[in-house]
>>> print(open('query09.cif').read())   # mmCIF, C-alpha atoms; chains and numbers go by the auth columns
data_run
loop_
_atom_site.group_PDB
_atom_site.id
_atom_site.type_symbol
_atom_site.label_atom_id
_atom_site.label_comp_id
_atom_site.label_asym_id
_atom_site.label_seq_id
_atom_site.Cartn_x
_atom_site.Cartn_y
_atom_site.Cartn_z
_atom_site.B_iso_or_equiv
_atom_site.auth_seq_id
_atom_site.auth_asym_id
ATOM 1 C CA MET A 1 0.000 0.000 0.000 0.00 30 H
ATOM 2 C CA GLY A 2 1.110 3.514 -0.709 0.00 31 H
ATOM 3 C CA ARG A 3 1.881 6.218 1.780 0.00 32 H
ATOM 4 C CA ASP A 4 -1.571 7.817 1.475 0.00 33 H
ATOM 5 C CA THR A 5 -3.664 4.659 1.631 0.00 34 H
ATOM 6 C CA VAL A 6 -5.274 2.946 4.587 0.00 35 H
ATOM 7 C CA PRO A 7 -6.677 -0.561 4.976 0.00 36 H
ATOM 8 C CA VAL A 8 -10.467 -0.726 4.740 0.00 37 H
ATOM 9 C CA VAL A 9 -13.154 -3.267 5.458 0.00 38 H
ATOM 10 C CA TYR A 10 -15.003 -4.087 2.268 0.00 39 H
ATOM 11 C CA ASN A 11 -18.213 -5.829 1.472 0.00 40 H
ATOM 12 C CA ALA A 12 -17.913 -9.129 -0.389 0.00 41 H
ATOM 13 C CA GLY A 13 -19.522 -7.453 -3.447 0.00 42 H
ATOM 14 C CA VAL A 14 -16.599 -5.082 -4.003 0.00 43 H
ATOM 15 C CA THR A 15 -14.224 -6.114 -6.746 0.00 44 H
ATOM 16 C CA PRO A 16 -10.468 -5.584 -6.600 0.00 45 H
ATOM 17 C CA ARG A 17 -10.949 -2.331 -8.525 0.00 46 H
ATOM 18 C CA THR A 18 -14.131 -0.301 -8.225 0.00 47 H
ATOM 19 C CA ARG A 19 -14.866 3.129 -9.705 0.00 48 H
ATOM 20 C CA ILE A 20 -17.330 5.441 -8.080 0.00 49 H
ATOM 21 C CA GLY A 21 -18.427 8.671 -9.727 0.00 50 H
ATOM 22 C CA LEU A 22 -19.442 11.573 -7.508 0.00 51 H
ATOM 23 C CA LEU A 23 -21.226 14.694 -8.658 0.00 52 H
ATOM 24 C CA LEU A 24 -20.597 17.528 -6.260 0.00 53 H
ATOM 25 C CA ALA A 25 -21.379 21.157 -7.004 0.00 54 H
ATOM 26 C CA SER A 26 -21.367 20.490 -10.753 0.00 55 H
ATOM 27 C CA THR A 27 -17.913 18.943 -10.586 0.00 56 H
ATOM 28 C CA VAL A 28 -17.425 15.253 -11.240 0.00 57 H
ATOM 29 C CA PHE A 29 -14.949 13.412 -9.043 0.00 58 H
ATOM 30 C CA VAL A 30 -13.895 9.871 -9.827 0.00 59 H
ATOM 31 C CA LEU A 31 -12.726 7.818 -6.895 0.00 60 H
ATOM 32 C CA THR A 32 -10.871 4.620 -7.656 0.00 61 H
ATOM 33 C CA ILE A 33 -10.750 2.077 -4.863 0.00 62 H
ATOM 34 C CA GLU A 34 -8.141 -0.630 -5.148 0.00 63 H
ATOM 35 C CA ALA A 35 -8.259 -3.524 -2.743 0.00 64 H
ATOM 36 C CA ALA A 36 -4.986 -5.176 -1.814 0.00 65 H
ATOM 37 C CA PRO A 37 -4.808 -8.737 -3.241 0.00 66 H
ATOM 38 C CA ASP A 38 -4.720 -10.301 0.235 0.00 67 H
ATOM 39 C CA LEU A 39 -8.001 -8.552 1.102 0.00 68 H
ATOM 40 C CA VAL A 40 -9.932 -9.559 -2.025 0.00 69 H
ATOM 41 C CA ALA A 41 -10.293 -13.163 -0.869 0.00 70 H
ATOM 42 C CA GLN A 42 -11.371 -12.185 2.654 0.00 71 H
ATOM 43 C CA PRO A 43 -14.815 -10.654 3.097 0.00 72 H
ATOM 44 C CA PHE A 44 -14.908 -8.117 5.928 0.00 73 H
ATOM 45 C CA ALA A 45 -11.137 -8.339 6.381 0.00 74 H
ATOM 46 C CA THR A 46 -9.423 -6.209 8.981 0.00 75 H
ATOM 47 C CA ALA A 47 -5.812 -6.668 7.910 0.00 76 H
ATOM 48 C CA GLY A 48 -3.626 -3.873 9.184 0.00 77 H
ATOM 49 C CA TRP A 49 -6.075 -2.769 11.884 0.00 78 H
ATOM 50 C CA PRO A 50 -5.094 -2.660 15.554 0.00 79 H
ATOM 51 C CA GLU A 51 -5.910 -5.913 17.300 0.00 80 H
ATOM 52 C CA SER A 52 -8.393 -4.125 19.575 0.00 81 H
ATOM 53 C CA LEU A 53 -10.508 -3.177 16.555 0.00 82 H
ATOM 54 C CA ALA A 54 -10.180 -6.477 14.724 0.00 83 H
ATOM 55 C CA GLY A 55 -11.677 -8.488 17.607 0.00 84 H
ATOM 56 C CA GLN A 56 -14.474 -6.166 18.699 0.00 85 H
ATOM 57 C CA GLU A 57 -16.128 -7.291 21.899 0.00 86 H
ATOM 58 C CA GLN A 58 -19.839 -7.729 22.305 0.00 87 H
ATOM 59 C CA ALA A 59 -21.962 -4.761 23.283 0.00 88 H
ATOM 60 C CA PRO A 60 -21.759 -4.009 27.015 0.00 89 H
ATOM 61 C CA HIS A 61 -24.293 -5.596 29.322 0.00 90 H
ATOM 62 C CA ARG A 62 -26.958 -3.243 30.687 0.00 91 H
ATOM 63 C CA GLN A 63 -27.599 -3.545 34.422 0.00 92 H
ATOM 64 C CA GLU A 64 -30.689 -1.886 35.948 0.00 93 H
ATOM 65 C CA VAL A 65 -30.694 -1.351 39.715 0.00 94 H
ATOM 66 C CA THR A 66 -33.323 0.249 41.946 0.00 95 H
ATOM 67 C CA LEU A 67 -32.430 1.630 45.374 0.00 96 H
ATOM 68 C CA THR A 68 -34.939 2.728 47.986 0.00 97 H
ATOM 69 C CA ALA A 69 -34.064 5.570 50.350 0.00 98 H
ATOM 70 C CA LYS A 70 -36.100 5.517 53.564 0.00 99 H
ATOM 71 C CA ASN A 71 -35.440 6.419 57.206 0.00 100 H
ATOM 72 C CA TYR A 72 -31.959 7.642 56.233 0.00 101 H
ATOM 73 C CA ARG A 73 -30.893 4.274 54.812 0.00 102 H
ATOM 74 C CA PHE A 74 -30.344 2.882 51.324 0.00 103 H
ATOM 75 C CA SER A 75 -31.822 -0.496 50.485 0.00 104 H
ATOM 76 C CA PRO A 76 -30.114 -2.537 49.260 0.00 105 H
ATOM 77 C CA ALA A 77 -26.927 -1.114 50.741 0.00 106 H
ATOM 78 C CA ARG A 78 -24.772 -3.217 48.413 0.00 107 H
ATOM 79 C CA ILE A 79 -24.890 -3.217 44.608 0.00 108 H
ATOM 80 C CA GLU A 80 -22.818 -5.605 42.516 0.00 109 H
ATOM 81 C CA VAL A 81 -22.162 -5.205 38.769 0.00 110 H
ATOM 82 C CA ALA A 82 -19.503 -6.342 36.299 0.00 111 H
ATOM 83 C CA GLN A 83 -16.828 -4.057 34.915 0.00 112 H
ATOM 84 C CA ASP A 84 -17.905 -2.252 31.713 0.00 113 H
ATOM 85 C CA ASP A 85 -21.609 -2.776 32.442 0.00 114 H
ATOM 86 C CA LEU A 86 -23.864 0.142 31.557 0.00 115 H
ATOM 87 C CA VAL A 87 -25.564 0.815 34.887 0.00 116 H
ATOM 88 C CA LYS A 88 -28.976 2.452 35.089 0.00 117 H
ATOM 89 C CA LEU A 89 -29.491 3.357 38.736 0.00 118 H
ATOM 90 C CA THR A 90 -32.919 4.470 39.940 0.00 119 H
ATOM 91 C CA VAL A 91 -33.279 5.895 43.451 0.00 120 H
ATOM 92 C CA GLN A 92 -36.727 6.170 45.045 0.00 121 H
ATOM 93 C CA SER A 93 -37.373 8.218 48.176 0.00 122 H
ATOM 94 C CA GLU A 94 -40.165 6.972 50.394 0.00 123 H
ATOM 95 C CA ASP A 95 -40.095 9.938 52.783 0.00 124 H
ATOM 96 C CA VAL A 96 -37.731 12.973 52.712 0.00 125 H
ATOM 97 C CA ALA A 97 -35.321 14.330 50.091 0.00 126 H
ATOM 98 C CA TYR A 98 -32.007 12.486 49.683 0.00 127 H
ATOM 99 C CA SER A 99 -29.128 12.392 47.245 0.00 128 H
ATOM 100 C CA LEU A 100 -26.886 9.670 45.895 0.00 129 H
ATOM 101 C CA THR A 101 -23.218 10.317 45.177 0.00 130 H
ATOM 102 C CA ILE A 102 -20.483 8.010 43.868 0.00 131 H
ATOM 103 C CA ASP A 103 -17.302 10.098 43.762 0.00 132 H
ATOM 104 C CA GLU A 104 -15.205 7.766 41.587 0.00 133 H
ATOM 105 C CA TYR A 105 -17.802 7.845 38.817 0.00 134 H
ATOM 106 C CA ARG A 106 -18.607 11.550 39.241 0.00 135 H
ATOM 107 C CA VAL A 107 -22.255 10.709 39.809 0.00 136 H
ATOM 108 C CA SER A 108 -24.350 12.840 42.136 0.00 137 H
ATOM 109 C CA ARG A 109 -28.111 13.360 41.933 0.00 138 H
ATOM 110 C CA ARG A 110 -30.718 14.759 44.289 0.00 139 H
ATOM 111 C CA VAL A 111 -33.831 12.683 44.980 0.00 140 H
ATOM 112 C CA PRO A 112 -36.913 14.749 45.845 0.00 141 H
ATOM 113 C CA ALA A 113 -39.068 13.839 48.856 0.00 142 H
ATOM 114 C CA GLY A 114 -41.325 10.980 47.779 0.00 143 H
ATOM 115 C CA GLY A 115 -39.835 11.118 44.276 0.00 144 H
ATOM 116 C CA THR A 116 -37.526 9.214 41.983 0.00 145 H
ATOM 117 C CA THR A 117 -34.359 10.026 40.061 0.00 146 H
ATOM 118 C CA THR A 118 -32.433 7.967 37.546 0.00 147 H
ATOM 119 C CA MET A 119 -28.773 8.141 36.544 0.00 148 H
ATOM 120 C CA GLU A 120 -26.654 6.152 34.114 0.00 149 H
ATOM 121 C CA PHE A 121 -22.932 5.460 33.974 0.00 150 H
ATOM 122 C CA ARG A 122 -20.484 2.880 32.666 0.00 151 H
ATOM 123 C CA ALA A 123 -18.833 0.868 35.451 0.00 152 H
ATOM 124 C CA ASP A 124 -15.399 1.052 33.827 0.00 153 H
ATOM 125 C CA GLN A 125 -13.320 0.813 37.021 0.00 154 H
ATOM 126 C CA ALA A 126 -13.133 -2.438 38.978 0.00 155 H
ATOM 127 C CA GLY A 127 -13.195 -2.175 42.758 0.00 156 H
ATOM 128 C CA THR A 128 -15.382 -1.315 45.731 0.00 157 H
ATOM 129 C CA PHE A 129 -16.786 2.206 45.877 0.00 158 H
ATOM 130 C CA THR A 130 -18.835 3.959 48.540 0.00 159 H
ATOM 131 C CA PHE A 131 -22.086 5.654 47.642 0.00 160 H
ATOM 132 C CA TYR A 132 -23.712 8.092 50.061 0.00 161 H
ATOM 133 C CA SER A 133 -26.158 10.948 50.529 0.00 162 H
ATOM 134 C CA ASN A 134 -24.326 14.279 50.453 0.00 163 H
ATOM 135 C CA LEU A 135 -27.181 16.423 51.784 0.00 164 H
ATOM 136 C CA THR A 136 -26.510 18.428 54.928 0.00 165 H
ATOM 137 C CA SER A 137 -30.066 19.403 55.902 0.00 166 H
ATOM 138 C CA ASP A 138 -30.074 16.706 58.580 0.00 167 H
ATOM 139 C CA ALA A 139 -27.110 15.060 60.330 0.00 168 H
ATOM 140 C CA ARG A 140 -28.645 11.629 59.630 0.00 169 H
ATOM 141 C CA HIS A 141 -27.717 11.956 55.928 0.00 170 H
ATOM 142 C CA ALA A 142 -24.085 11.374 56.966 0.00 171 H
ATOM 143 C CA GLN A 143 -24.944 7.801 58.058 0.00 172 H
ATOM 144 C CA MET A 144 -26.408 6.909 54.639 0.00 173 H
ATOM 145 C CA LYS A 145 -23.738 4.800 52.978 0.00 174 H
ATOM 146 C CA GLY A 146 -23.626 1.796 50.700 0.00 175 H
ATOM 147 C CA GLN A 147 -21.185 -0.077 48.493 0.00 176 H
ATOM 148 C CA LEU A 148 -20.948 -0.413 44.742 0.00 177 H
ATOM 149 C CA ILE A 149 -18.881 -3.493 43.918 0.00 178 H
ATOM 150 C CA VAL A 150 -17.590 -3.673 40.345 0.00 179 H
ATOM 151 C CA ARG A 151 -16.230 -7.153 39.541 0.00 180 H
ATOM 152 C CA PRO A 152 -13.426 -7.272 36.966 0.00 181 H
ATOM 153 C CA ARG A 153 -14.233 -9.066 33.709 0.00 182 H
#
>>> encode(input="query09.cif", output="structure tokens")
Amino acid sequence: MGRDTVPVVYNAGVTPRTRIGLLLASTVFVLTIEAAPDLVAQPFATAGWPESLAGQEQAPHRQEVTLTAKNYRFSPARIEVAQDDLVKLTVQSEDVAYSLTIDEYRVSRRVPAGGTTTMEFRADQAGTFTFYSNLTSDARHAQMKGQLIVRPR
């Protein structure tokens, strides 16, 4: 391949040499695509691509979790997900206003009294992380803690 060419994935219907005519602002451009001989025999080839792109992983798993905040406690107080999960976390207050904060994921949302709030994040860091209510309207908020456990894949 030349200096100004890059490997491409091609559909099995593309021949080793394909011409495409483009009409743009009354000017005709002709684009010639030449497939390298080693790619012609391989549909959807990824030769020359970084290994991380060639073996794409499956879409991340979506994990939905609902927490209840009541009497200055979270229930459940422990959440477990797998690393790289997309986490949809819903917090329901059954009495007063609360909040839920997870510092490591930069997640912090207020939950209105008797209301619900939802937040989403990707659990991209493995480990154990504390979640808590950061409100200061009542000293009992300081006792509201739980754990988010992110298992490595």
>>> resolve_selection(input="query09.cif", expression="the PyMOL selection byres ((chain H and resi 118-127) around 8)", output="list in words")
Glu93, Val94, Thr95, Leu96, Thr97, Ala98, Lys99, Asn100, Val116, Lys117, Ser128, Leu129, Arg139, Val140, Pro141, Ala142, Gly143, Gly144, Thr145, Thr146, Thr147, Met148, Glu149, Ser162, Asn163, Leu164 and His170 of chain H
>>> atom_distance(input="query09.cif", atom1="CA of Val179 in chain H", atom2="CA of Arg107 in chain H")
10.8 Å
>>> atom_distance(input="query09.cif", atom1="CA of Asp153 in chain H", atom2="CA of Tyr101 in chain H")
28.6 Å
>>> atom_distance(input="query09.cif", atom1="CA of Arg169 in chain H", atom2="CA of Gly156 in chain H")
26.7 Å
>>> residues_around(input="query09.cif", residues="Tyr134 in chain H", least_positions_apart="5", cutoff="10 Å", atoms="all atoms listed in the file", output="list in words")
Phe150, Arg151, Ala152, Asp153, Gln154 and Phe158 of chain H
>>> closest_residue(input="query09.cif", among="H:Ser166, H:Ala171, H:Gln92, H:Leu177", to="Glu133 in chain H", atoms="only C-alpha atoms")
H:Leu177
>>> closest_residue(input="query09.cif", among="H:Gln172, H:Asp167, H:Arg182, H:Thr130", to="Pro89 in chain H", atoms="only C-alpha atoms")
H:Arg182
>>> build_atoms(input="query09.cif", residues="range 115-135 of chain H", atoms="N, CA and C atoms", output="compact mmCIF listing (two decimals), in the coordinates of the input")
# COMPACT_ATOMS: atom_id res chain seq x y z
N LEU H 115 -23.17 -1.14 31.56
CA LEU H 115 -23.86 0.14 31.56
C LEU H 115 -24.88 0.05 32.69
N VAL H 116 -24.73 0.89 33.69
CA VAL H 116 -25.56 0.82 34.89
C VAL H 116 -26.62 1.92 34.84
N LYS H 117 -27.87 1.51 34.96
CA LYS H 117 -28.98 2.45 35.09
C LYS H 117 -29.45 2.33 36.53
N LEU H 118 -29.22 3.37 37.31
CA LEU H 118 -29.49 3.36 38.74
C LEU H 118 -30.68 4.28 39.03
N THR H 119 -31.73 3.71 39.58
CA THR H 119 -32.92 4.47 39.94
C THR H 119 -33.00 4.52 41.46
N VAL H 120 -33.18 5.72 42.00
CA VAL H 120 -33.28 5.90 43.45
C VAL H 120 -34.67 6.46 43.76
N GLN H 121 -35.38 5.76 44.66
CA GLN H 121 -36.73 6.17 45.04
C GLN H 121 -36.73 6.58 46.51
N SER H 122 -37.23 7.77 46.80
CA SER H 122 -37.37 8.22 48.18
C SER H 122 -38.77 7.86 48.65
N GLU H 123 -38.85 7.29 49.83
CA GLU H 123 -40.16 6.97 50.39
C GLU H 123 -40.57 7.94 51.50
N ASP H 124 -39.72 8.95 51.77
CA ASP H 124 -40.10 9.94 52.78
C ASP H 124 -39.52 11.32 52.45
N VAL H 125 -38.33 11.64 52.90
CA VAL H 125 -37.73 12.97 52.71
C VAL H 125 -36.81 13.01 51.49
N ALA H 126 -36.28 14.18 51.20
CA ALA H 126 -35.32 14.33 50.09
C ALA H 126 -33.98 13.71 50.48
N TYR H 127 -33.33 13.08 49.50
CA TYR H 127 -32.01 12.49 49.68
C TYR H 127 -31.16 12.85 48.47
N SER H 128 -29.95 12.32 48.45
CA SER H 128 -29.13 12.39 47.24
C SER H 128 -28.35 11.08 47.18
N LEU H 129 -27.77 10.83 46.03
CA LEU H 129 -26.89 9.67 45.90
C LEU H 129 -25.65 10.14 45.15
N THR H 130 -24.49 9.90 45.75
CA THR H 130 -23.22 10.32 45.18
C THR H 130 -22.26 9.13 45.14
N ILE H 131 -21.59 8.97 44.00
CA ILE H 131 -20.48 8.01 43.87
C ILE H 131 -19.32 8.82 43.30
N ASP H 132 -18.39 9.19 44.16
CA ASP H 132 -17.30 10.10 43.76
C ASP H 132 -16.49 9.58 42.59
N GLU H 133 -16.09 8.31 42.61
CA GLU H 133 -15.20 7.77 41.59
C GLU H 133 -15.83 7.79 40.18
N TYR H 134 -17.12 7.80 40.11
CA TYR H 134 -17.80 7.84 38.82
C TYR H 134 -18.39 9.23 38.52
N ARG H 135 -18.12 10.17 39.39
CA ARG H 135 -18.61 11.55 39.24
C ARG H 135 -20.12 11.57 39.03
